[in-house]
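Chemist: For reference, the file structure-v8.cif (mmCIF, C-alpha atoms) is included below:
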```cif
data_upload
#
loop_
_atom_site.label_atom_id
_atom_site.label_comp_id
_atom_site.auth_asym_id
_atom_site.auth_seq_id
_atom_site.Cartn_x
_atom_site.Cartn_y
_atom_site.Cartn_z
CA MET A 406 122.88 81.52 111.31
CA SER A 407 119.82 81.59 113.54
CA GLY A 408 118.18 83.95 115.97
CA HIS A 409 115.10 85.87 116.97
CA SER A 410 113.37 87.70 114.13
CA HIS A 411 112.96 91.31 115.26
CA TRP A 412 112.39 92.64 111.74
CA ALA A 413 109.29 90.46 111.37
CA THR A 414 108.02 91.58 114.77
CA ILE A 415 108.32 95.27 114.05
CA ARG A 416 106.83 94.76 110.60
CA ARG A 417 103.69 93.21 112.02
CA LYS A 418 103.31 95.97 114.61
CA LYS A 419 103.48 98.54 111.82
CA GLY A 420 101.08 96.67 109.56
CA ALA A 421 97.99 98.51 110.77
CA THR A 422 99.65 101.87 110.13
CA ASP A 423 100.80 100.86 106.66
CA ALA A 424 97.28 99.75 105.76
CA LYS A 425 95.95 103.23 106.50
CA LYS A 426 98.15 104.96 103.96
CA GLY A 427 96.06 106.38 101.13
CA ALA A 428 98.84 105.84 98.60
CA ILE A 429 99.22 102.12 99.26
CA PHE A 430 98.12 101.12 95.73
CA THR A 431 100.54 103.63 94.23
CA ARG A 432 103.37 102.22 96.29
CA LEU A 433 102.55 98.65 95.31
CA ALA A 434 102.26 99.64 91.66
CA LYS A 435 105.65 101.36 91.71
CA GLU A 436 107.28 98.19 93.02
CA VAL A 437 105.71 96.22 90.17
CA VAL A 438 106.87 98.85 87.66
CA MET A 439 110.48 98.87 88.90
CA ALA A 440 110.63 95.07 89.13
CA ALA A 441 109.43 94.75 85.53
CA ARG A 442 111.83 97.45 84.34
CA ASN A 443 114.86 95.88 85.99
CA GLY A 444 114.14 92.21 85.27
CA GLY A 445 111.57 92.04 82.47
CA GLY A 446 107.81 91.59 82.41
CA ASP A 447 107.67 87.80 82.85
CA PRO A 448 107.15 86.78 86.49
CA GLY A 449 108.21 83.26 85.52
CA THR A 450 111.79 84.46 85.08
CA ASN A 451 111.74 87.59 87.25
CA VAL A 452 111.49 86.66 90.94
CA ARG A 453 111.34 90.28 92.10
CA LEU A 454 108.35 90.86 89.81
CA LEU A 455 106.65 87.69 91.04
CA MET A 456 107.06 88.87 94.64
CA ALA A 457 105.78 92.35 93.75
CA ILE A 458 102.71 90.90 92.03
CA GLU A 459 101.93 88.64 95.00
CA LYS A 460 102.31 91.59 97.37
CA ALA A 461 100.00 93.70 95.19
CA ARG A 462 97.41 90.94 95.13
CA ALA A 463 97.64 90.59 98.90
CA GLY A 464 96.98 94.34 99.08
CA ASN A 465 93.79 93.83 97.03
CA MET A 466 95.11 95.71 94.02
CA PRO A 467 92.85 95.08 90.98
CA LYS A 468 94.22 92.77 88.31
CA ASP A 469 93.99 95.49 85.65
CA ASN A 470 96.15 97.82 87.76
CA ILE A 471 98.79 95.15 88.17
CA GLU A 472 98.86 94.35 84.46
CA ARG A 473 99.08 98.04 83.61
CA ALA A 474 102.05 98.44 85.98
CA ILE A 475 103.81 95.48 84.36
CA ARG A 476 103.32 96.98 80.88
CA ARG A 477 104.57 100.32 82.12
CA GLY A 478 107.70 98.80 83.62
CA ALA A 479 108.37 96.70 80.54
CA GLY A 480 108.23 99.83 78.38
CA GLU A 481 105.03 98.89 76.56
CA ASP A 482 103.14 101.99 77.75
CA LYS A 483 104.88 104.79 75.87
CA ASP A 484 102.70 107.55 77.33
CA ALA A 485 103.40 106.76 81.00
CA ALA A 486 105.61 109.01 83.12
CA VAL A 487 109.10 107.63 83.68
CA TYR A 488 109.92 106.59 87.24
CA GLU A 489 113.38 106.97 88.75
CA GLU A 490 114.67 104.81 91.60
CA PHE A 491 117.27 106.18 94.05
CA THR A 492 118.28 106.19 97.72
CA LEU A 493 118.65 109.19 100.04
CA GLU A 494 120.67 109.30 103.24
CA GLY A 495 120.28 111.16 106.49
CA TYR A 496 120.75 111.39 110.23
CA GLY A 497 117.89 111.13 112.68
CA PRO A 498 117.91 112.31 116.31
CA HIS A 499 120.60 111.01 118.69
CA GLY A 500 123.06 110.18 115.90
CA SER A 501 120.85 107.56 114.28
CA ALA A 502 121.42 106.63 110.63
CA ILE A 503 118.50 106.50 108.19
CA MET A 504 118.33 105.39 104.54
CA VAL A 505 115.37 106.13 102.28
CA ASP A 506 114.52 104.23 99.07
CA CYS A 507 112.49 106.37 96.66
CA VAL A 508 110.66 105.85 93.36
CA THR A 509 109.38 109.00 91.67
CA GLU A 510 108.74 110.79 88.40
CA ASN A 511 109.94 114.07 89.97
CA ARG A 512 113.28 113.78 91.76
CA ASN A 513 113.45 117.42 92.88
CA ARG A 514 110.05 117.20 94.58
CA THR A 515 110.94 113.95 96.33
CA VAL A 516 114.31 115.20 97.59
CA ALA A 517 112.66 118.37 98.94
CA ASP A 518 109.91 116.37 100.67
CA VAL A 519 112.38 113.98 102.32
CA ARG A 520 114.68 116.84 103.39
CA HIS A 521 111.72 118.62 104.99
CA ALA A 522 110.64 115.45 106.81
CA PHE A 523 114.15 115.09 108.26
CA SER A 524 114.57 118.73 109.27
CA LYS A 525 111.19 119.19 110.97
CA ASN A 526 111.81 116.09 113.12
CA GLY A 527 115.29 116.85 114.45
CA GLY A 528 117.29 115.20 111.68
CA ASN A 529 119.07 116.26 108.52
CA MET A 530 119.82 114.98 105.03
CA ALA A 531 123.36 113.83 104.33
CA GLU A 532 125.55 113.74 101.24
CA ALA A 533 125.65 110.52 99.23
CA GLY A 534 127.93 108.02 100.95
CA ALA A 535 128.00 109.78 104.32
CA VAL A 536 125.54 107.32 105.85
CA GLY A 537 125.31 104.57 103.24
CA TRP A 538 128.59 102.92 104.24
CA GLN A 539 126.89 101.82 107.47
CA PHE A 540 124.41 99.62 105.56
CA GLU A 541 124.43 96.66 103.20
CA ARG A 542 121.72 95.87 100.67
CA LYS A 543 120.51 92.33 101.13
CA ALA A 544 117.97 89.93 99.68
CA TYR A 545 115.25 89.50 102.27
CA PHE A 546 112.39 87.01 102.58
CA VAL A 547 109.76 86.54 105.29
CA CYS A 548 108.01 83.15 105.23
CA PRO A 549 105.09 82.03 107.42
CA THR A 550 105.93 79.15 109.76
CA SER A 551 102.68 77.54 108.63
CA GLN A 552 104.32 76.87 105.26
CA ILE A 553 107.88 75.92 106.16
CA SER A 554 109.69 74.73 109.27
CA PHE A 555 112.76 76.49 110.59
CA ASP A 556 114.92 73.43 109.90
CA LYS A 557 113.77 73.29 106.29
CA ALA A 558 114.26 77.05 105.84
CA PHE A 559 117.71 76.79 107.43
CA GLU A 560 118.69 73.98 105.06
CA LEU A 561 117.29 75.85 102.06
CA GLY A 562 119.09 79.01 103.12
CA ILE A 563 122.48 77.30 103.49
CA GLU A 564 122.20 75.64 100.09
CA ALA A 565 121.19 78.92 98.43
CA GLY A 566 123.95 81.01 100.04
CA ALA A 567 122.02 82.85 102.76
CA ASP A 568 123.85 84.87 105.41
CA ASP A 569 121.27 84.40 108.15
CA VAL A 570 118.03 82.60 108.95
CA GLN A 571 115.93 83.83 111.89
CA GLU A 572 112.59 82.85 113.36
CA ASP A 573 109.89 84.00 115.72
CA ASP A 574 106.53 82.47 116.60
CA GLU A 575 104.86 83.25 113.28
CA SER A 576 107.51 83.75 110.62
CA ILE A 577 110.99 82.95 109.39
CA GLU A 578 113.36 85.44 107.81
CA ILE A 579 116.01 84.57 105.26
CA ILE A 580 118.69 87.21 104.68
CA ALA A 581 121.17 86.74 101.84
CA PRO A 582 123.49 88.54 99.41
CA VAL A 583 121.66 90.38 96.63
CA ASP A 584 122.92 87.96 93.98
CA ALA A 585 121.25 85.07 95.85
CA PHE A 586 117.79 86.66 95.56
CA LYS A 587 116.68 84.65 92.53
CA THR A 588 118.18 81.40 93.81
CA ILE A 589 116.34 81.66 97.11
CA GLY A 590 113.13 82.85 95.47
CA ASP A 591 113.19 79.90 93.09
CA ALA A 592 113.93 77.48 95.94
CA LEU A 593 110.99 78.79 97.97
CA ALA A 594 108.71 78.52 94.94
CA ALA A 595 109.86 74.92 94.36
CA ALA A 596 109.03 74.18 98.02
CA LYS A 597 105.56 75.74 97.46
CA VAL A 598 106.30 78.49 99.99
CA HIS A 599 104.67 81.86 99.36
CA PRO A 600 106.69 84.53 101.21
CA GLU A 601 104.79 87.25 103.04
CA GLU A 602 107.52 89.57 101.88
CA GLY A 603 110.37 89.29 99.44
CA GLY A 604 112.69 91.93 98.06
CA LEU A 605 115.86 93.89 98.65
CA ARG A 606 116.36 95.92 101.80
CA LEU A 607 119.15 97.79 103.55
CA ILE A 608 120.43 96.27 106.78
CA ALA A 609 122.74 98.08 109.18
CA LYS A 610 126.21 96.62 109.66
CA GLN A 611 126.20 97.79 113.28
CA GLU A 612 123.16 98.72 115.35
CA LEU A 613 122.84 101.74 117.61
CA GLU A 614 121.38 101.17 121.07
CA LEU A 615 119.39 104.05 122.55
CA ASP A 616 116.99 104.18 125.47
CA VAL A 617 113.31 103.54 124.83
CA GLU A 618 112.19 107.17 124.53
CA GLN A 619 115.11 108.09 122.26
CA THR A 620 114.38 105.09 120.05
CA LEU A 621 110.72 106.07 119.80
CA GLN A 622 111.75 109.61 118.79
CA VAL A 623 113.78 108.20 115.90
CA LEU A 624 110.97 105.83 114.88
CA ARG A 625 108.56 108.78 114.69
CA VAL A 626 110.93 110.34 112.14
CA VAL A 627 110.98 107.05 110.24
CA ASP A 628 107.16 106.95 110.27
CA THR A 629 106.93 110.52 108.96
CA ILE A 630 109.27 109.76 106.06
CA GLU A 631 107.48 106.48 105.28
CA GLU A 632 104.21 108.37 104.82
CA LEU A 633 105.60 110.32 101.83
CA ASP A 634 104.09 109.17 98.55
CA ASP A 635 107.41 108.68 96.76
CA VAL A 636 109.06 106.64 99.52
CA GLN A 637 109.21 102.87 99.05
CA GLY A 638 111.22 101.91 102.14
CA VAL A 639 112.97 103.45 105.15
CA TYR A 640 115.77 101.69 107.02
CA HIS A 641 117.57 102.56 110.25
CA ASN A 642 120.34 101.25 112.49
CA LEU A 643 118.46 101.08 115.81
CA VAL A 644 118.38 98.16 118.20
CA MET A 645 114.74 97.10 118.52
CA SER A 646 114.66 95.79 122.09
CA ASP A 647 111.71 94.00 123.66
CA GLU A 648 111.10 97.16 125.71
CA VAL A 649 110.86 99.25 122.54
CA LEU A 650 108.49 96.76 120.92
CA ALA A 651 106.30 96.82 124.04
CA ALA A 652 106.25 100.62 123.98
CA LEU A 653 105.26 100.60 120.31
CA GLU A 654 102.42 98.25 121.08
CA GLU A 655 101.15 100.63 123.77
CA GLU A 656 101.18 103.51 121.27
CA GLU A 657 98.87 101.67 118.83
#
```
So, in terms of structure tokens, how does the structure I just supplied come out?
Modeler:
Amino acid sequence: MSGHSHWATIRRKKGATDAKKGAIFTRLAKEVVMAARNGGGDPGTNVRLLMAIEKARAGNMPKDNIERAIRRGAGEDKDAAVYEEFTLEGYGPHGSAIMVDCVTENRNRTVADVRHAFSKNGGNMAEAGAVGWQFERKAYFVCPTSQISFDKAFELGIEAGADDVQEDDESIEIIAPVDAFKTIGDALAAAKVHPEEGGLRLIAKQELELDVEQTLQVLRVVDTIEELDDVQGVYHNLVMSDEVLAALEEEE
């Protein structure tokens, strides 16, 4: 239950790109909306909402925007458009598997946009279930090592039912079954740890190893899809080797 945290590494390398996206506030607001809709508008009892609010604050979203998103998700804003949450599946270049989490008020537009992003980059959309069986949805937390030691995170993870705890120089990841999300979130809050990231994500059951250039080709597809306004998260099954991470760094 320990190892090197490659998810945290790739996340940091992509941080600069994410910050440039013009729709970043919209994306943060959608996460708040869906968290409030699925678990209620009280962050004291809804860990997903608490995480979404903290992420929105970290992204410098105004307080009024956050509160408006909570009201919208809780159903208090009757005039707001209704968001739908769903996942699309597809194949990238070289047989790679890609999953796309979407939140939108116009499903047809979003499906068309994602299909176009796949097709123009050497991939294609797949039928529901064709790719999804290769992934598992997991609770996922990233905690700064300045707030919690690996030993403490490991102990907390075991007690809360985590599947895996990983570390690198700057952060610790806790990966767990979806139904352990609240337990782990509450345990981190009790330990006064404020995760850099907390939510549900799809993790590949088996990773695909390609050479560096092939991997970068797939990641360019992932980047293109991530830039779509209605996309909340994109997940793939690639091995992220040190060579790939170095190549990504050179591209920045």
Chemist: Mind giving me the straight-line distance from atom CA of A:Ala485 to atom CA of A:His521 in Å, one decimal?
Modeler: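 The value is 28.0 Å.
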Chemist: Run through the PyMOL selection byres ((chain A and resi 466) around 12) on the given coordinates and return the selected residues as a VMD selection string.
Modeler: chain A and resid 428 to 434 437 457 to 465 467 to 474
Chemist: Applied to the shown file, which residues does the PyMOL selection byres ((chain A and resi 496) around 7) return, written as a list in words?
Modeler: Gly495, Gly497, Pro498, Gly500, Ser501, Ala502, Ile503, Gly528, Asn529, Met530 and Ala531 of chain A
Chemist: Keeping only C-alpha atoms, write the selected residues to a file as a PDB file, keeping the file's coordinate frame.
Modeler:
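Saved result, selection-v4.pdb, follows:
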```
ATOM      1  CA  GLY A 495     120.280 111.160 106.490  1.00  0.00           C
ATOM      2  CA  GLY A 497     117.890 111.130 112.680  1.00  0.00           C
ATOM      3  CA  PRO A 498     117.910 112.310 116.310  1.00  0.00           C
ATOM      4  CA  GLY A 500     123.060 110.180 115.900  1.00  0.00           C
ATOM      5  CA  SER A 501     120.850 107.560 114.280  1.00  0.00           C
ATOM      6  CA  ALA A 502     121.420 106.630 110.630  1.00  0.00           C
ATOM      7  CA  ILE A 503     118.500 106.500 108.190  1.00  0.00           C
ATOM      8  CA  GLY A 528     117.290 115.200 111.680  1.00  0.00           C
ATOM      9  CA  ASN A 529     119.070 116.260 108.520  1.00  0.00           C
ATOM     10  CA  MET A 530     119.820 114.980 105.030  1.00  0.00           C
ATOM     11  CA  ALA A 531     123.360 113.830 104.330  1.00  0.00           C
TER      12      ALA A 531
END
```
Chemist: For A:Gly604, work out the shell of residues within 12 Å, counting all atoms listed in the file and skipping chain neighbours fewer than 3 positions away, then give it as a PyMOL selection string.
Modeler: chain A and resi 436-437+439-440+451-460+542-547+578-587+589-590+600-601+607+637-638
Chemist: Nearest to A:Asp635: which of A:Glu510, A:Asp482, A:Asp569, A:Glu575 is it, counting all atoms listed in the file?
Modeler: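 For A:Asp635, the nearest of the given residues is A:Glu510.
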Chemist: Just the residues within 10 Å of A:Glu564, please, counting all atoms listed in the file, with nothing from its chain fewer than 5 positions along; format it as number ranges by chain.
Modeler: A: 558-559, 588-589, 592
Chemist: With C-alpha atoms retained, export the selected residues as a short mmCIF file (atom, residue, chain, number, x, y, z; two decimals), in the coordinates of the input.
Modeler:
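Final output, selection-v7.cif:
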```cif
data_model
loop_
_atom_site.label_atom_id
_atom_site.label_comp_id
_atom_site.auth_asym_id
_atom_site.auth_seq_id
_atom_site.Cartn_x
_atom_site.Cartn_y
_atom_site.Cartn_z
CA ALA A 558 114.26 77.05 105.84
CA PHE A 559 117.71 76.79 107.43
CA THR A 588 118.18 81.40 93.81
CA ILE A 589 116.34 81.66 97.11
CA ALA A 592 113.93 77.48 95.94
#
```
Chemist: Applied to the shown file, which residues does the PyMOL selection byres ((chain A and resi 625) around 12) return, written as a list in words?
Modeler: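 Applied to this file, the PyMOL selection byres ((chain A and resi 625) around 12) selects Lys419, Gly497, Pro498, Ala522, Phe523, Lys525, Asn526, Gly527, Gly528, Glu618, Gln619, Thr620, Leu621, Gln622, Val623, Leu624, Val626, Val627, Asp628, Thr629, Ile630, Glu631, Glu632, Val639, His641, Leu653 and Glu656 of chain A.
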Chemist: With all atoms listed in the file as the atoms that count, which of A:Arg520, A:His499, A:Arg442, A:Arg512 lies nearest to A:Ala479?
Modeler: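 Closest residue, counting all atoms listed in the file: A:Arg442.
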Chemist: Take stretch 559-580 of chain A, bring it up to N, CA and C atoms, and give me the output as a tab-separated table (two decimals), in the coordinates of the input.
Modeler:
```
chain	number	residue	atom	x	y	z
A	559	PHE	N	116.27	76.71	107.15
A	559	PHE	CA	117.71	76.79	107.43
A	559	PHE	C	118.50	76.02	106.38
A	560	GLU	N	118.03	74.81	106.07
A	560	GLU	CA	118.69	73.98	105.06
A	560	GLU	C	118.63	74.65	103.68
A	561	LEU	N	117.45	75.16	103.35
A	561	LEU	CA	117.29	75.85	102.06
A	561	LEU	C	118.21	77.06	101.99
A	562	GLY	N	118.27	77.82	103.09
A	562	GLY	CA	119.09	79.01	103.12
A	562	GLY	C	120.57	78.70	102.92
A	563	ILE	N	121.07	77.68	103.62
A	563	ILE	CA	122.48	77.30	103.49
A	563	ILE	C	122.80	76.92	102.05
A	564	GLU	N	121.95	76.11	101.45
A	564	GLU	CA	122.20	75.64	100.09
A	564	GLU	C	122.15	76.78	99.08
A	565	ALA	N	121.34	77.81	99.38
A	565	ALA	CA	121.19	78.92	98.43
A	565	ALA	C	122.14	80.08	98.71
A	566	GLY	N	122.96	79.97	99.76
A	566	GLY	CA	123.95	81.01	100.04
A	566	GLY	C	123.50	82.10	100.98
A	567	ALA	N	122.51	81.83	101.83
A	567	ALA	CA	122.02	82.85	102.76
A	567	ALA	C	123.05	83.19	103.82
A	568	ASP	N	122.99	84.43	104.31
A	568	ASP	CA	123.85	84.87	105.41
A	568	ASP	C	123.25	84.53	106.77
A	569	ASP	N	121.92	84.55	106.84
A	569	ASP	CA	121.27	84.40	108.15
A	569	ASP	C	119.86	83.88	107.95
A	570	VAL	N	119.41	83.07	108.90
A	570	VAL	CA	118.03	82.60	108.95
A	570	VAL	C	117.56	82.78	110.38
A	571	GLN	N	116.44	83.50	110.56
A	571	GLN	CA	115.93	83.83	111.89
A	571	GLN	C	114.47	83.45	111.98
A	572	GLU	N	113.99	83.23	113.19
A	572	GLU	CA	112.59	82.85	113.36
A	572	GLU	C	111.98	83.54	114.58
A	573	ASP	N	110.66	83.69	114.53
A	573	ASP	CA	109.89	84.00	115.72
A	573	ASP	C	108.67	83.08	115.71
A	574	ASP	N	107.66	83.39	116.48
A	574	ASP	CA	106.53	82.47	116.60
A	574	ASP	C	105.76	82.27	115.31
A	575	GLU	N	105.74	83.28	114.45
A	575	GLU	CA	104.86	83.25	113.28
A	575	GLU	C	105.58	83.27	111.94
A	576	SER	N	106.84	83.61	111.90
A	576	SER	CA	107.51	83.75	110.62
A	576	SER	C	109.00	83.44	110.70
A	577	ILE	N	109.57	83.23	109.53
A	577	ILE	CA	110.99	82.95	109.39
A	577	ILE	C	111.56	83.93	108.38
A	578	GLU	N	112.68	84.53	108.72
A	578	GLU	CA	113.36	85.44	107.81
A	578	GLU	C	114.58	84.76	107.21
A	579	ILE	N	114.79	85.01	105.94
A	579	ILE	CA	116.01	84.57	105.26
A	579	ILE	C	116.69	85.83	104.71
A	580	ILE	N	117.93	86.04	105.11
A	580	ILE	CA	118.69	87.21	104.68
A	580	ILE	C	119.90	86.70	103.90
```
